[in-house]
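Everything on this sheet refers to the single structure shown next.
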Amino acid sequence: MDKRTFLKSGLLLGTGVFIAPAAYSKDIFNSPVTGQKTNEFEQIPLKYDFNALEPHIDAKTLEVHYSKHHASYTSKFNASLKEENLGGKSIKEIFGNVSKYSASIRNNGGGHFNHNFFWQALSPNRGEPKGDLLKAINTDFGSFDNFKKEFSTKAATVFGSGWAWLIKQDNKLKIVQTSNQDNPLMDISKEKGTPLLTIDVWEHAYYLKYQNRRPEYIESFWNVVNWDFVSSNLKS
Ligand code: MN3
């Protein structure tokens, strides 16, 4: 794993200096979150401990997922950006033109961003959808239960490795799937929009605890969704 990233994250976790209360980076779609000056994208520090999402997401899975899988995507993404002279571009610019770049930019860039987004979409204090978000869910899916059912089904039926997303598309909410590390910000994505919520359904996200029982993992995921984060994305 990338030792520097780990150390930095550890420090941030330890001091909390860069963690503003209730702040979700609205910049997440526009900036590298941190590291703009160095042209380096970074893993966001987790706002919770590895064991904070137990029993729904186990500590070992979260630790390996964050400090191995995600760290690897991030360092490979940075290496490819450097090699391909793509420094200084925002996530939005990169994904909006991703068809012009290498497979590494698409796969590792997606892996970098998707996980940063996913970590923020999780929380030990899940809260509940309310206000404009709940209104939009009721309008576009009929009810919160219908929404949950459709999202769970879409997540369960991603073939192989990929992600399910709640997105805002032309001011309407929609649930879509992407394969591998693709996401709805990418120009190659069949369904494009602003991500509001996502679930990682790669086996590495659940196999240690759930083995092949992906639907069980998805059911548990609902206990740790950070609805404040989802709401904040609706406004962005
Ligand atoms: Mn993953």
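Residue numbering restarts at 1 in every chain; chains get A, B, ... in the order shown in the structure tokens, and ligands count up from 1 in that same order.
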I'd like a table as a tab-separated table: residues in segment 152-204 of chain A with an atom no more than 12 Å from segment 50-72 of chain A, each row giving the shortest atom pair and its distance in Å to one decimal, only C-alpha atoms counted, sorted by chain and rising residue number.
```
residue	atom	partner	partner_atom	distance
A:Gln181	CA	A:His70	CA	11.3
A:Asp200	CA	A:His65	CA	10.5
A:Trp202	CA	A:His65	CA	10.5
A:Glu203	CA	A:Thr61	CA	10.5
A:His204	CA	A:His65	CA	7.0
```
Problem set entry | Residue list (strand (DSSP E or B), DSSP) for segment 8-216 of chain A, as a ChimeraX atom specification | /A:122,162-169,172-179,194-200
Exercise. Expressed in Å to a single decimal, how great is the separation between atom CA of Phe117 of chain A and atom CA of Asp182 of chain A?
Worked result: 12.9 Å
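The neighbours of Phe229 of chain A here are the residues that come within 8 Å of it, using only C-alpha atoms and leaving out any residue fewer than 2 positions away in the same chain; they are A:Tyr24, A:Gln120, A:Ala121, A:Leu196, A:Asn226, A:Trp227, A:Ser231, A:Ser232, A:Asn233.
The space between atom CA of Asn212 of chain A and atom CA of Phe151 of chain A spans 18.8 Å.
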